[in-house]
Amino acid sequence: MNNILRSTARCLRPGAWHYRTAQNNGEMLSGWARLMCSSAGQKNMEEMVKKDKVVVFMKGTPVQPMCGFSNAVVQILRMHGVDSYAAYNVLDDQDIREGIKSFSNWPTIPQVYFNGEFVGGCDILLQMHQSGDLVEELQKLGIRSALLDQEKQS
Amino acid sequence: MLCQNNTLNTKGDLLCLMLSCALRCLRPSSCTRAFSGQLAHHRPHMDPSAPRPVETTIRTKLTQALKPEHLEVINESHMHAVPPGSESHFRVLVVSPQFEGLSLLQRHRLVNESLREELSTCVHALAIQTKTPQQWSSNPGLAKSPPCMGGSKHDDTMAEKLKAGRD
């Protein structure tokens, strides 16, 4: 299913569209990710990071991460109830992979952006999660962390 | 709750469960030392006599650039889908007064900058922990990297990086 989506994506002109991520058995999931398929100049990168509140450049997809560090980012966001964000699979597009490293001046993947501003990689997101800073930063984006609701219930 | 949207296969479930357990232990209101303390003396499974040029270079450059009071450079390549003896995946813990007053991002950029050459050639992944001496004394310990999900196997650029490490 993901392969079909990727092939379809490559045939389309640069532009955003929404699709629902799907498991291999065809069941639809509640989260979604927006995929861009284009060659990435600096201007393109700037558009990509600013288009959504939360943007993640990762290896694999939120449904099927291909790297432990990328998976950690996905899991942390999920813990906070952040299921809707733009996720770019750098393994599918070398231009995006090299483009974002150059744009961010950051050598590794995953990379996380909040409101067009570079936050950091897996280590930074994890520390922000541990310190409580992530709840605050999400609040600034207008996103209420699910952890706040969990703490209220307990 | 964490894994209900991410179930692809049993292995995926297990990885998800492991990571969710790790993350729950690291929640802001709970103990943050759960995983860090016990791994303070972790060492990789490498032949001690094997040459480690990349590790040595990393150590040298970080020492020169950041004058650390404490430095750990851990080769984690054996945890990933790369040949034995590789020097492609590292974890560093740097304790330096130079980090005083700097944000996490600024600190990590300093580390990245000092290892720019290695990161653009042979080092594929670098996990970074940065602390001031005060932060280190109040919370010593090395964090743990998440389990590999085999990304290096599907990465066309890995062969080149491994070769760069050997040359």
# chains A, B, ... in the order shown; residues from 1 in each chain; ligands from 1
>>> residues_around(residues="Pro110 (chain A)", least_positions_apart="2", cutoff="8 Å", atoms="only C-alpha atoms", output="PyMOL selection string")
chain A and resi 56-59+69-70+73+108+112+121-122
>>> write_last_selection(atoms="C-alpha atoms", output="mmCIF file, in the first residue's frame")
data_model
loop_
_atom_site.group_PDB
_atom_site.id
_atom_site.type_symbol
_atom_site.label_atom_id
_atom_site.label_comp_id
_atom_site.auth_asym_id
_atom_site.auth_seq_id
_atom_site.Cartn_x
_atom_site.Cartn_y
_atom_site.Cartn_z
ATOM 1 C CA VAL A 56 9.637 15.770 11.130
ATOM 2 C CA PHE A 57 12.330 14.606 8.734
ATOM 3 C CA MET A 58 12.870 10.955 9.480
ATOM 4 C CA LYS A 59 13.907 7.602 8.158
ATOM 5 C CA PHE A 69 16.154 7.386 16.628
ATOM 6 C CA SER A 70 13.400 8.314 14.182
ATOM 7 C CA VAL A 73 10.748 10.907 17.873
ATOM 8 C CA THR A 108 21.868 13.789 11.138
ATOM 9 C CA VAL A 112 12.188 18.207 14.198
ATOM 10 C CA GLY A 121 17.101 15.758 16.776
ATOM 11 C CA CYS A 122 16.060 12.766 18.847
#
>>> interface_residues(of="chain A", to="chain B", cutoff="10 Å", atoms="only C-alpha atoms", output="MDAnalysis selection string")
chainID A and resid 21:25 28:31 59:60 62:72 75:76 78:81 83 90:92 94 105:109 118:135 147 151
>>> atom_distance(atom1="CA of His78 (chain B)", atom2="CA of Leu62 (chain B)")
22.3 Å
>>> residues_around(residues="Val49 (chain A)", least_positions_apart="2", cutoff="10 Å", atoms="only C-alpha atoms", output="PDB file with N, CA and C atoms, in the first residue's frame")
ATOM      1  N   ASN A  44      12.458  25.606  -1.222  1.00  0.00           N
ATOM      2  CA  ASN A  44      11.549  24.495  -0.997  1.00  0.00           C
ATOM      3  C   ASN A  44      11.615  24.036   0.449  1.00  0.00           C
ATOM      4  N   MET A  45      12.835  23.947   0.982  1.00  0.00           N
ATOM      5  CA  MET A  45      13.004  23.488   2.356  1.00  0.00           C
ATOM      6  C   MET A  45      12.302  24.460   3.294  1.00  0.00           C
ATOM      7  N   GLU A  46      12.453  25.735   3.027  1.00  0.00           N
ATOM      8  CA  GLU A  46      11.833  26.729   3.893  1.00  0.00           C
ATOM      9  C   GLU A  46      10.312  26.580   3.867  1.00  0.00           C
ATOM     10  N   GLU A  47       9.780  26.338   2.693  1.00  0.00           N
ATOM     11  CA  GLU A  47       8.330  26.123   2.588  1.00  0.00           C
ATOM     12  C   GLU A  47       7.912  24.885   3.353  1.00  0.00           C
ATOM     13  N   LYS A  51       5.231  25.005   6.522  1.00  0.00           N
ATOM     14  CA  LYS A  51       3.872  24.679   6.105  1.00  0.00           C
ATOM     15  C   LYS A  51       3.009  24.086   7.212  1.00  0.00           C
ATOM     16  N   ASP A  52       3.665  23.377   8.125  1.00  0.00           N
ATOM     17  CA  ASP A  52       2.936  22.737   9.206  1.00  0.00           C
ATOM     18  C   ASP A  52       3.530  23.121  10.545  1.00  0.00           C
ATOM     19  N   LYS A  53       2.697  23.026  11.583  1.00  0.00           N
ATOM     20  CA  LYS A  53       3.178  23.368  12.931  1.00  0.00           C
ATOM     21  C   LYS A  53       4.314  22.455  13.357  1.00  0.00           C
ATOM     22  N   VAL A  54       4.118  21.158  13.126  1.00  0.00           N
ATOM     23  CA  VAL A  54       5.121  20.174  13.506  1.00  0.00           C
ATOM     24  C   VAL A  54       5.586  19.451  12.243  1.00  0.00           C
ATOM     25  N   VAL A  55       6.875  19.482  12.003  1.00  0.00           N
ATOM     26  CA  VAL A  55       7.442  18.835  10.820  1.00  0.00           C
ATOM     27  C   VAL A  55       8.590  17.938  11.273  1.00  0.00           C
ATOM     28  N   VAL A  56       8.588  16.723  10.769  1.00  0.00           N
ATOM     29  CA  VAL A  56       9.637  15.770  11.130  1.00  0.00           C
ATOM     30  C   VAL A  56      10.273  15.215   9.861  1.00  0.00           C
ATOM     31  N   PHE A  57      11.573  15.278   9.796  1.00  0.00           N
ATOM     32  CA  PHE A  57      12.330  14.606   8.734  1.00  0.00           C
ATOM     33  C   PHE A  57      12.888  13.349   9.365  1.00  0.00           C
ATOM     34  N   ALA A  86       3.540  16.768   9.644  1.00  0.00           N
ATOM     35  CA  ALA A  86       4.135  16.452   8.346  1.00  0.00           C
ATOM     36  C   ALA A  86       5.379  15.616   8.581  1.00  0.00           C
ATOM     37  N   ILE A 100      17.732  19.037   3.682  1.00  0.00           N
ATOM     38  CA  ILE A 100      17.395  19.428   5.060  1.00  0.00           C
ATOM     39  C   ILE A 100      18.647  19.500   5.927  1.00  0.00           C
ATOM     40  N   VAL A 112      13.530  17.771  13.805  1.00  0.00           N
ATOM     41  CA  VAL A 112      12.188  18.207  14.198  1.00  0.00           C
ATOM     42  C   VAL A 112      12.093  19.725  14.098  1.00  0.00           C
ATOM     43  N   TYR A 113      10.992  20.183  13.505  1.00  0.00           N
ATOM     44  CA  TYR A 113      10.708  21.621  13.408  1.00  0.00           C
ATOM     45  C   TYR A 113       9.367  21.918  14.074  1.00  0.00           C
ATOM     46  N   PHE A 114       9.327  23.014  14.856  1.00  0.00           N
ATOM     47  CA  PHE A 114       8.091  23.526  15.436  1.00  0.00           C
ATOM     48  C   PHE A 114       7.874  24.936  14.880  1.00  0.00           C
ATOM     49  N   ASN A 115       6.752  25.141  14.201  1.00  0.00           N
ATOM     50  CA  ASN A 115       6.450  26.471  13.652  1.00  0.00           C
ATOM     51  C   ASN A 115       7.591  27.040  12.824  1.00  0.00           C
ATOM     52  N   GLY A 116       8.167  26.178  12.007  1.00  0.00           N
ATOM     53  CA  GLY A 116       9.227  26.631  11.110  1.00  0.00           C
ATOM     54  C   GLY A 116      10.576  26.824  11.765  1.00  0.00           C
ATOM     55  N   GLU A 117      10.650  26.527  13.061  1.00  0.00           N
ATOM     56  CA  GLU A 117      11.924  26.710  13.752  1.00  0.00           C
ATOM     57  C   GLU A 117      12.523  25.355  14.101  1.00  0.00           C
ATOM     58  N   PHE A 118      13.813  25.194  13.834  1.00  0.00           N
ATOM     59  CA  PHE A 118      14.481  23.941  14.094  1.00  0.00           C
ATOM     60  C   PHE A 118      14.587  23.697  15.592  1.00  0.00           C
TER      61      PHE A 118
END
>>> residues_around(residues="Trp136 (chain B)", least_positions_apart="5", cutoff="9 Å", atoms="only C-alpha atoms", output="list in words")
His70, Val95, Thr130, Lys131 and Gly141 of chain B
>>> atom_distance(atom1="CA of Gln134 (chain B)", atom2="CA of Leu110 (chain B)")
18.9 Å
